[in-house]
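Raw final24.cif, mmCIF, C-alpha atoms:
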data_protein
loop_
_atom_site.group_PDB
_atom_site.id
_atom_site.type_symbol
_atom_site.label_atom_id
_atom_site.label_comp_id
_atom_site.auth_asym_id
_atom_site.auth_seq_id
_atom_site.Cartn_x
_atom_site.Cartn_y
_atom_site.Cartn_z
ATOM 1 C CA MET T 150 2.346 -29.417 12.732
ATOM 2 C CA LEU T 151 -0.689 -29.040 10.439
ATOM 3 C CA LYS T 152 -1.877 -32.179 8.705
ATOM 4 C CA SER T 153 -2.475 -31.521 5.021
ATOM 5 C CA SER T 154 -5.904 -33.091 4.672
ATOM 6 C CA LEU T 155 -8.443 -32.411 1.968
ATOM 7 C CA GLN T 156 -10.580 -30.686 4.593
ATOM 8 C CA ASP T 157 -7.697 -28.303 5.385
ATOM 9 C CA HIS T 158 -7.131 -27.615 1.693
ATOM 10 C CA LEU T 159 -10.807 -26.797 1.166
ATOM 11 C CA TRP T 160 -10.853 -24.538 4.236
ATOM 12 C CA PHE T 161 -7.832 -22.484 3.226
ATOM 13 C CA MET T 162 -8.881 -22.344 -0.428
ATOM 14 C CA ASN T 163 -12.136 -20.832 0.785
ATOM 15 C CA ILE T 164 -10.122 -18.046 2.438
ATOM 16 C CA ALA T 165 -8.245 -17.521 -0.846
ATOM 17 C CA LEU T 166 -11.609 -17.350 -2.642
ATOM 18 C CA GLU T 167 -12.746 -14.643 -0.222
ATOM 19 C CA GLU T 168 -9.646 -12.663 -1.214
ATOM 20 C CA ALA T 169 -10.438 -13.267 -4.894
ATOM 21 C CA GLU T 170 -13.927 -11.864 -4.334
ATOM 22 C CA LEU T 171 -12.365 -8.732 -2.819
ATOM 23 C CA ALA T 172 -10.237 -8.411 -5.958
ATOM 24 C CA TYR T 173 -13.354 -8.793 -8.096
ATOM 25 C CA LYS T 174 -15.107 -5.989 -6.206
ATOM 26 C CA ALA T 175 -12.005 -3.790 -6.634
ATOM 27 C CA GLY T 176 -11.995 -4.320 -10.413
ATOM 28 C CA GLU T 177 -8.937 -6.556 -10.277
ATOM 29 C CA VAL T 178 -8.589 -9.966 -11.886
ATOM 30 C CA PRO T 179 -10.134 -12.106 -9.118
ATOM 31 C CA VAL T 180 -7.193 -14.054 -7.793
ATOM 32 C CA GLY T 181 -6.643 -14.517 -4.083
ATOM 33 C CA ALA T 182 -3.875 -16.137 -2.075
ATOM 34 C CA VAL T 183 -3.317 -17.161 1.531
ATOM 35 C CA LEU T 184 -0.059 -18.296 3.123
ATOM 36 C CA VAL T 185 -0.338 -20.802 5.964
ATOM 37 C CA SER T 186 2.310 -21.638 8.561
ATOM 38 C CA PRO T 187 3.287 -25.209 9.474
ATOM 39 C CA THR T 188 0.966 -24.932 12.511
ATOM 40 C CA GLY T 189 -2.022 -23.823 10.415
ATOM 41 C CA ALA T 190 -1.881 -20.109 11.211
ATOM 42 C CA VAL T 191 -2.700 -17.701 8.402
ATOM 43 C CA LEU T 192 0.460 -15.631 7.902
ATOM 44 C CA SER T 193 -0.832 -13.484 5.068
ATOM 45 C CA LYS T 194 -3.743 -13.175 2.681
ATOM 46 C CA LYS T 195 -3.774 -10.969 -0.394
ATOM 47 C CA PHE T 196 -5.469 -10.426 -3.726
ATOM 48 C CA ASN T 197 -4.265 -9.144 -7.088
ATOM 49 C CA LEU T 198 -3.384 -5.447 -7.237
ATOM 50 C CA LYS T 199 -1.837 -5.394 -10.688
ATOM 51 C CA GLU T 200 -4.402 -3.008 -12.221
ATOM 52 C CA THR T 201 -4.947 -0.545 -9.378
ATOM 53 C CA GLN T 202 -1.242 -0.254 -8.536
ATOM 54 C CA PHE T 203 -0.050 -0.379 -12.172
ATOM 55 C CA ASN T 204 2.359 -3.094 -11.081
ATOM 56 C CA PRO T 205 3.173 -6.068 -13.320
ATOM 57 C CA THR T 206 4.335 -8.020 -10.248
ATOM 58 C CA GLY T 207 1.186 -7.249 -8.244
ATOM 59 C CA HIS T 208 0.014 -10.857 -8.313
ATOM 60 C CA ALA T 209 -1.714 -12.200 -5.205
ATOM 61 C CA GLU T 210 1.020 -14.792 -4.668
ATOM 62 C CA ILE T 211 3.872 -12.286 -4.795
ATOM 63 C CA LEU T 212 2.069 -9.853 -2.498
ATOM 64 C CA CYS T 213 1.329 -12.650 -0.025
ATOM 65 C CA LEU T 214 4.951 -13.837 0.043
ATOM 66 C CA GLU T 215 6.246 -10.264 0.447
ATOM 67 C CA ASP T 216 3.821 -9.531 3.278
ATOM 68 C CA ALA T 217 4.665 -12.727 5.166
ATOM 69 C CA GLY T 218 8.399 -12.103 4.731
ATOM 70 C CA LYS T 219 8.083 -8.600 6.162
ATOM 71 C CA LYS T 220 5.918 -9.771 9.073
ATOM 72 C CA SER T 221 8.250 -12.641 9.963
ATOM 73 C CA GLN T 222 11.424 -10.698 9.140
ATOM 74 C CA ASN T 223 12.510 -13.700 7.094
ATOM 75 C CA TRP T 224 12.323 -14.319 3.353
ATOM 76 C CA ARG T 225 12.571 -18.064 3.977
ATOM 77 C CA LEU T 226 9.026 -19.309 4.360
ATOM 78 C CA THR T 227 10.127 -22.875 4.955
ATOM 79 C CA ASP T 228 7.397 -25.435 5.602
ATOM 80 C CA CYS T 229 4.658 -22.957 4.657
ATOM 81 C CA THR T 230 1.850 -23.671 2.204
ATOM 82 C CA LEU T 231 0.510 -21.144 -0.274
ATOM 83 C CA TYR T 232 -3.088 -21.466 -1.418
ATOM 84 C CA VAL T 233 -4.016 -19.547 -4.562
ATOM 85 C CA THR T 234 -7.202 -19.547 -6.616
ATOM 86 C CA LEU T 235 -5.433 -19.657 -10.006
ATOM 87 C CA GLU T 236 -2.504 -21.720 -11.227
ATOM 88 C CA PRO T 237 0.666 -19.684 -10.658
ATOM 89 C CA CYS T 238 2.424 -18.048 -13.595
ATOM 90 C CA PRO T 239 6.158 -18.699 -14.133
ATOM 91 C CA MET T 240 7.076 -15.521 -12.198
ATOM 92 C CA CYS T 241 5.043 -16.568 -9.162
ATOM 93 C CA LEU T 242 6.259 -20.155 -9.261
ATOM 94 C CA SER T 243 9.841 -18.834 -9.320
ATOM 95 C CA ALA T 244 9.110 -16.619 -6.306
ATOM 96 C CA MET T 245 7.823 -19.690 -4.476
ATOM 97 C CA VAL T 246 11.084 -21.521 -5.196
ATOM 98 C CA GLN T 247 13.013 -18.536 -3.851
ATOM 99 C CA SER T 248 10.896 -18.359 -0.686
ATOM 100 C CA ARG T 249 11.475 -22.066 0.081
ATOM 101 C CA LEU T 250 7.807 -23.037 0.352
ATOM 102 C CA LYS T 251 6.786 -26.527 1.302
ATOM 103 C CA GLN T 252 3.856 -26.641 -1.103
ATOM 104 C CA CYS T 253 1.484 -24.704 -3.320
ATOM 105 C CA ILE T 254 -2.180 -25.623 -3.603
ATOM 106 C CA PHE T 255 -4.136 -23.941 -6.403
ATOM 107 C CA GLY T 256 -7.684 -23.894 -7.672
ATOM 108 C CA ALA T 257 -8.291 -23.202 -11.361
ATOM 109 C CA TYR T 258 -5.900 -24.292 -14.066
ATOM 110 C CA ASP T 259 -4.697 -21.578 -16.471
ATOM 111 C CA SER T 260 -3.913 -22.981 -19.911
ATOM 112 C CA LYS T 261 -2.766 -19.591 -21.233
ATOM 113 C CA GLY T 262 -0.579 -18.360 -18.376
ATOM 114 C CA GLY T 263 -0.128 -21.076 -15.777
ATOM 115 C CA ALA T 264 3.436 -22.285 -15.367
ATOM 116 C CA LEU T 265 2.505 -25.967 -15.106
ATOM 117 C CA SER T 266 0.027 -25.860 -17.977
ATOM 118 C CA LEU T 267 2.749 -24.268 -20.121
ATOM 119 C CA GLY T 268 5.283 -26.929 -19.101
ATOM 120 C CA TYR T 269 7.401 -24.940 -16.655
ATOM 121 C CA PHE T 270 7.932 -27.301 -13.726
ATOM 122 C CA LEU T 271 10.254 -24.969 -11.824
ATOM 123 C CA HIS T 272 9.126 -26.407 -8.486
ATOM 124 C CA GLN T 273 10.649 -29.777 -9.488
ATOM 125 C CA ASP T 274 13.769 -28.563 -11.293
ATOM 126 C CA LYS T 275 16.762 -30.280 -9.651
ATOM 127 C CA ARG T 276 19.085 -27.602 -11.056
ATOM 128 C CA LEU T 277 17.532 -25.127 -8.613
ATOM 129 C CA ASN T 278 18.336 -25.146 -4.906
ATOM 130 C CA HIS T 279 14.809 -25.921 -3.713
ATOM 131 C CA GLN T 280 11.913 -28.134 -4.763
ATOM 132 C CA PHE T 281 8.376 -28.339 -3.403
ATOM 133 C CA SER T 282 5.065 -30.020 -4.109
ATOM 134 C CA VAL T 283 2.144 -28.580 -6.049
ATOM 135 C CA LEU T 284 -1.481 -29.702 -6.053
ATOM 136 C CA GLY T 285 -3.991 -28.233 -8.496
ATOM 137 C CA GLY T 286 -7.739 -28.321 -8.945
ATOM 138 C CA VAL T 287 -8.830 -27.668 -5.345
ATOM 139 C CA ARG T 288 -12.208 -25.899 -5.603
ATOM 140 C CA HIS T 289 -11.534 -25.621 -9.327
ATOM 141 C CA PHE T 290 -15.166 -24.982 -10.220
ATOM 142 C CA GLU T 291 -15.640 -22.083 -7.791
ATOM 143 C CA CYS T 292 -12.311 -20.496 -8.712
ATOM 144 C CA SER T 293 -12.821 -20.748 -12.460
ATOM 145 C CA LYS T 294 -16.445 -19.607 -12.240
ATOM 146 C CA LEU T 295 -15.432 -16.347 -10.555
ATOM 147 C CA LEU T 296 -12.735 -15.710 -13.168
ATOM 148 C CA SER T 297 -15.088 -16.522 -16.057
ATOM 149 C CA GLN T 298 -17.770 -14.213 -14.690
ATOM 150 C CA PHE T 299 -15.242 -11.384 -14.294
ATOM 151 C CA PHE T 300 -13.950 -11.633 -17.860
ATOM 152 C CA ARG T 301 -17.455 -12.097 -19.301
ATOM 153 C CA GLU T 302 -18.506 -8.838 -17.632
ATOM 154 C CA ARG T 303 -15.331 -7.078 -18.819
ATOM 155 C CA ARG T 304 -15.957 -8.128 -22.420
ATOM 156 C CA SER T 305 -19.623 -7.070 -22.326
ATOM 157 C CA ASN T 306 -18.678 -3.620 -20.994
ATOM 158 C CA TYR T 307 -15.830 -3.116 -23.467
ATOM 159 C CA LYS T 308 -16.193 -0.061 -25.690
ATOM 160 C CA PRO T 309 -13.506 0.321 -28.362
ATOM 161 C CA LYS T 310 -11.844 3.723 -28.649
ATOM 162 C CA ASN T 311 -12.561 5.372 -32.002
#
Rewrite the coordinates I just gave you, this time as structure tokens.
Amino acid sequence: MLKSSLQDHLWFMNIALEEAELAYKAGEVPVGAVLVSPTGAVLSKKFNLKETQFNPTGHAEILCLEDAGKKSQNWRLTDCTLYVTLEPCPMCLSAMVQSRLKQCIFGAYDSKGGALSLGYFLHQDKRLNHQFSVLGGVRHFECSKLLSQFFRERRSNYKPKN
């Protein structure tokens, strides 16, 4: 079984950042995710496809969970860890509860859309049938820098329609 050390967290967050950079190059909000098995194997890695697929659920986390479920032929991703470059939104945090994750490790906090920042602690809600741990701020600077750069460029290229 994989030990959850800081070194492991940094390693897997780096893989998620590589996915986020792919999203950036594709014109997507640069969020990447990687799902890791209990033994440390990468089960899936995805980036946001919300814009290019016109899909409101095309978040990196959702796509990663779906892909791993299809590959393993099991929606229960018990004892797996999801690494994501941005704090999950309430929809994604709910999907993690449903998939029975062991933990979620994220990079940048999201004060405007992140479930935890908004006070939705679904991963700890005893009324639900599953709880898991969450750790935020891993490679926060790198994750938030990429997001800031993306939105700065988007704003500078914005041309209002007349």
Quick one: residues within 12 Å of range 273-280 of chain T, only C-alpha atoms counted, chain neighbours fewer than 5 positions away excluded, as a PDB file with C-alpha atoms, in the coordinates of the input?
ATOM      1  CA  ARG T 225      12.571 -18.064   3.977  1.00  0.00           C
ATOM      2  CA  LEU T 226       9.026 -19.309   4.360  1.00  0.00           C
ATOM      3  CA  THR T 227      10.127 -22.875   4.955  1.00  0.00           C
ATOM      4  CA  ASP T 228       7.397 -25.435   5.602  1.00  0.00           C
ATOM      5  CA  LEU T 242       6.259 -20.155  -9.261  1.00  0.00           C
ATOM      6  CA  SER T 243       9.841 -18.834  -9.320  1.00  0.00           C
ATOM      7  CA  ALA T 244       9.110 -16.619  -6.306  1.00  0.00           C
ATOM      8  CA  MET T 245       7.823 -19.690  -4.476  1.00  0.00           C
ATOM      9  CA  VAL T 246      11.084 -21.521  -5.196  1.00  0.00           C
ATOM     10  CA  GLN T 247      13.013 -18.536  -3.851  1.00  0.00           C
ATOM     11  CA  SER T 248      10.896 -18.359  -0.686  1.00  0.00           C
ATOM     12  CA  ARG T 249      11.475 -22.066   0.081  1.00  0.00           C
ATOM     13  CA  LEU T 250       7.807 -23.037   0.352  1.00  0.00           C
ATOM     14  CA  LYS T 251       6.786 -26.527   1.302  1.00  0.00           C
ATOM     15  CA  GLN T 252       3.856 -26.641  -1.103  1.00  0.00           C
ATOM     16  CA  CYS T 253       1.484 -24.704  -3.320  1.00  0.00           C
ATOM     17  CA  ALA T 264       3.436 -22.285 -15.367  1.00  0.00           C
ATOM     18  CA  LEU T 265       2.505 -25.967 -15.106  1.00  0.00           C
ATOM     19  CA  GLY T 268       5.283 -26.929 -19.101  1.00  0.00           C
TER      20      GLY T 268
END
At what distance in Å, to one decimal, does CA of Ala172 in chain T lie from CA of Phe255 in chain T?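 Interatomic distance here is 16.7 Å.
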Distance of CA of Phe290 in chain T from CA of Ser193 in chain T, expressed in Å to one decimal place: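 A separation of 23.9 Å between them.
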Please compute the CA of Trp160 in chain T-CA of Val183 in chain T distance, one decimal, in Å. 10.9 Å
Find the spatial neighbours of Pro237 in chain T, counting only C-alpha atoms, within a cut-off of 12 Å - ignore same-chain residues fewer than 3 positions away - and output them as a PyMOL selection string. chain T and resi 180-182+208-211+231-234+240-246+253-267+269-272+283-285
I need the residues from that last selection saved to file as an mmCIF file, in the coordinates of the input (with C-alpha atoms), if you can.
data_model
loop_
_atom_site.group_PDB
_atom_site.id
_atom_site.type_symbol
_atom_site.label_atom_id
_atom_site.label_comp_id
_atom_site.auth_asym_id
_atom_site.auth_seq_id
_atom_site.Cartn_x
_atom_site.Cartn_y
_atom_site.Cartn_z
ATOM 1 C CA VAL T 180 -7.193 -14.054 -7.793
ATOM 2 C CA GLY T 181 -6.643 -14.517 -4.083
ATOM 3 C CA ALA T 182 -3.875 -16.137 -2.075
ATOM 4 C CA HIS T 208 0.014 -10.857 -8.313
ATOM 5 C CA ALA T 209 -1.714 -12.200 -5.205
ATOM 6 C CA GLU T 210 1.020 -14.792 -4.668
ATOM 7 C CA ILE T 211 3.872 -12.286 -4.795
ATOM 8 C CA LEU T 231 0.510 -21.144 -0.274
ATOM 9 C CA TYR T 232 -3.088 -21.466 -1.418
ATOM 10 C CA VAL T 233 -4.016 -19.547 -4.562
ATOM 11 C CA THR T 234 -7.202 -19.547 -6.616
ATOM 12 C CA MET T 240 7.076 -15.521 -12.198
ATOM 13 C CA CYS T 241 5.043 -16.568 -9.162
ATOM 14 C CA LEU T 242 6.259 -20.155 -9.261
ATOM 15 C CA SER T 243 9.841 -18.834 -9.320
ATOM 16 C CA ALA T 244 9.110 -16.619 -6.306
ATOM 17 C CA MET T 245 7.823 -19.690 -4.476
ATOM 18 C CA VAL T 246 11.084 -21.521 -5.196
ATOM 19 C CA CYS T 253 1.484 -24.704 -3.320
ATOM 20 C CA ILE T 254 -2.180 -25.623 -3.603
ATOM 21 C CA PHE T 255 -4.136 -23.941 -6.403
ATOM 22 C CA GLY T 256 -7.684 -23.894 -7.672
ATOM 23 C CA ALA T 257 -8.291 -23.202 -11.361
ATOM 24 C CA TYR T 258 -5.900 -24.292 -14.066
ATOM 25 C CA ASP T 259 -4.697 -21.578 -16.471
ATOM 26 C CA SER T 260 -3.913 -22.981 -19.911
ATOM 27 C CA LYS T 261 -2.766 -19.591 -21.233
ATOM 28 C CA GLY T 262 -0.579 -18.360 -18.376
ATOM 29 C CA GLY T 263 -0.128 -21.076 -15.777
ATOM 30 C CA ALA T 264 3.436 -22.285 -15.367
ATOM 31 C CA LEU T 265 2.505 -25.967 -15.106
ATOM 32 C CA SER T 266 0.027 -25.860 -17.977
ATOM 33 C CA LEU T 267 2.749 -24.268 -20.121
ATOM 34 C CA TYR T 269 7.401 -24.940 -16.655
ATOM 35 C CA PHE T 270 7.932 -27.301 -13.726
ATOM 36 C CA LEU T 271 10.254 -24.969 -11.824
ATOM 37 C CA HIS T 272 9.126 -26.407 -8.486
ATOM 38 C CA VAL T 283 2.144 -28.580 -6.049
ATOM 39 C CA LEU T 284 -1.481 -29.702 -6.053
ATOM 40 C CA GLY T 285 -3.991 -28.233 -8.496
#
Closest to Thr201 in chain T among T:Arg288, T:His158, T:Lys174, T:Lys220, using all atoms listed in the file?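 For Thr201 in chain T, the nearest of the candidates is T:Lys174.
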Nearest to His289 in chain T: which of T:Leu214, T:Val178, T:Val191, T:Leu159 is it, counting all atoms listed in the file?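 Between T:Leu214, T:Val178, T:Val191, T:Leu159, the residue approaching His289 in chain T most closely is T:Leu159.
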Set up a box along x, y and z of the file covering all listed atoms of range 222-233 of chain T, add 6 Å on every one of the six sides, and write the centre and edge lengths in Å to one decimal, as AutoDock Vina command-line options.
--center_x 4.3 --center_y -18.1 --center_z 2.3 --size_x 28.6 --size_y 26.7 --size_z 25.7
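Minimum atom-to-atom distance to Thr230 in chain T, evaluated using all atoms listed in the file, belongs to T:Thr188 out of T:Ser293, T:Gln298, T:Asn163, T:Thr188.
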Compare T:Leu198, T:Ala165, T:Leu155, T:Leu192 by their minimum atom-to-atom distance to Glu291 in chain T, counting all atoms listed in the file, and give me the closest one.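 For Glu291 in chain T, the nearest of the given residues is T:Ala165.
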Missing atoms in range 280-296 of chain T should be modelled up to N, CA, C and O atoms and reported as an mmCIF file, in the frame of the given file.
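As written to disk, rebuild.cif reads:
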data_model
loop_
_atom_site.group_PDB
_atom_site.id
_atom_site.type_symbol
_atom_site.label_atom_id
_atom_site.label_comp_id
_atom_site.auth_asym_id
_atom_site.auth_seq_id
_atom_site.Cartn_x
_atom_site.Cartn_y
_atom_site.Cartn_z
ATOM 1 N N GLN T 280 13.062 -27.541 -4.094
ATOM 2 C CA GLN T 280 11.913 -28.134 -4.763
ATOM 3 C C GLN T 280 10.769 -28.223 -3.760
ATOM 4 O O GLN T 280 11.006 -28.275 -2.546
ATOM 5 N N PHE T 281 9.549 -28.216 -4.270
ATOM 6 C CA PHE T 281 8.376 -28.339 -3.403
ATOM 7 C C PHE T 281 7.236 -28.975 -4.182
ATOM 8 O O PHE T 281 7.302 -29.110 -5.404
ATOM 9 N N SER T 282 6.197 -29.360 -3.464
ATOM 10 C CA SER T 282 5.065 -30.020 -4.109
ATOM 11 C C SER T 282 3.990 -29.013 -4.520
ATOM 12 O O SER T 282 3.867 -27.937 -3.926
ATOM 13 N N VAL T 283 3.245 -29.392 -5.546
ATOM 14 C CA VAL T 283 2.144 -28.580 -6.049
ATOM 15 C C VAL T 283 0.944 -29.487 -6.250
ATOM 16 O O VAL T 283 1.080 -30.603 -6.752
ATOM 17 N N LEU T 284 -0.228 -28.987 -5.848
ATOM 18 C CA LEU T 284 -1.481 -29.702 -6.053
ATOM 19 C C LEU T 284 -2.464 -28.732 -6.682
ATOM 20 O O LEU T 284 -2.688 -27.640 -6.151
ATOM 21 N N GLY T 285 -3.042 -29.099 -7.799
ATOM 22 C CA GLY T 285 -3.991 -28.233 -8.496
ATOM 23 C C GLY T 285 -5.390 -28.796 -8.509
ATOM 24 O O GLY T 285 -5.608 -29.982 -8.289
ATOM 25 N N GLY T 286 -6.349 -27.919 -8.779
ATOM 26 C CA GLY T 286 -7.739 -28.321 -8.945
ATOM 27 C C GLY T 286 -8.589 -28.272 -7.688
ATOM 28 O O GLY T 286 -9.747 -28.687 -7.719
ATOM 29 N N VAL T 287 -8.057 -27.749 -6.590
ATOM 30 C CA VAL T 287 -8.830 -27.668 -5.345
ATOM 31 C C VAL T 287 -9.839 -26.524 -5.476
ATOM 32 O O VAL T 287 -9.460 -25.382 -5.702
ATOM 33 N N ARG T 288 -11.102 -26.853 -5.383
ATOM 34 C CA ARG T 288 -12.208 -25.899 -5.603
ATOM 35 C C ARG T 288 -12.118 -25.269 -6.995
ATOM 36 O O ARG T 288 -12.437 -24.102 -7.185
ATOM 37 N N HIS T 289 -11.706 -26.086 -7.950
ATOM 38 C CA HIS T 289 -11.534 -25.621 -9.327
ATOM 39 C C HIS T 289 -12.789 -24.927 -9.853
ATOM 40 O O HIS T 289 -12.697 -23.849 -10.445
ATOM 41 N N PHE T 290 -13.933 -25.537 -9.659
ATOM 42 C CA PHE T 290 -15.166 -24.982 -10.220
ATOM 43 C C PHE T 290 -15.437 -23.580 -9.694
ATOM 44 O O PHE T 290 -15.696 -22.653 -10.467
ATOM 45 N N GLU T 291 -15.363 -23.398 -8.375
ATOM 46 C CA GLU T 291 -15.640 -22.083 -7.791
ATOM 47 C C GLU T 291 -14.628 -21.032 -8.251
ATOM 48 O O GLU T 291 -14.989 -19.901 -8.555
ATOM 49 N N CYS T 292 -13.368 -21.430 -8.303
ATOM 50 C CA CYS T 292 -12.311 -20.496 -8.712
ATOM 51 C C CYS T 292 -12.468 -20.089 -10.168
ATOM 52 O O CYS T 292 -12.388 -18.902 -10.512
ATOM 53 N N SER T 293 -12.703 -21.059 -11.037
ATOM 54 C CA SER T 293 -12.821 -20.748 -12.460
ATOM 55 C C SER T 293 -14.118 -20.012 -12.770
ATOM 56 O O SER T 293 -14.151 -19.154 -13.654
ATOM 57 N N LYS T 294 -15.169 -20.295 -12.023
ATOM 58 C CA LYS T 294 -16.445 -19.607 -12.240
ATOM 59 C C LYS T 294 -16.307 -18.107 -11.968
ATOM 60 O O LYS T 294 -16.803 -17.276 -12.734
ATOM 61 N N LEU T 295 -15.628 -17.753 -10.893
ATOM 62 C CA LEU T 295 -15.432 -16.347 -10.555
ATOM 63 C C LEU T 295 -14.606 -15.635 -11.632
ATOM 64 O O LEU T 295 -14.934 -14.526 -12.053
ATOM 65 N N LEU T 296 -13.564 -16.283 -12.105
ATOM 66 C CA LEU T 296 -12.735 -15.710 -13.168
ATOM 67 C C LEU T 296 -13.530 -15.551 -14.465
ATOM 68 O O LEU T 296 -13.470 -14.506 -15.120
#
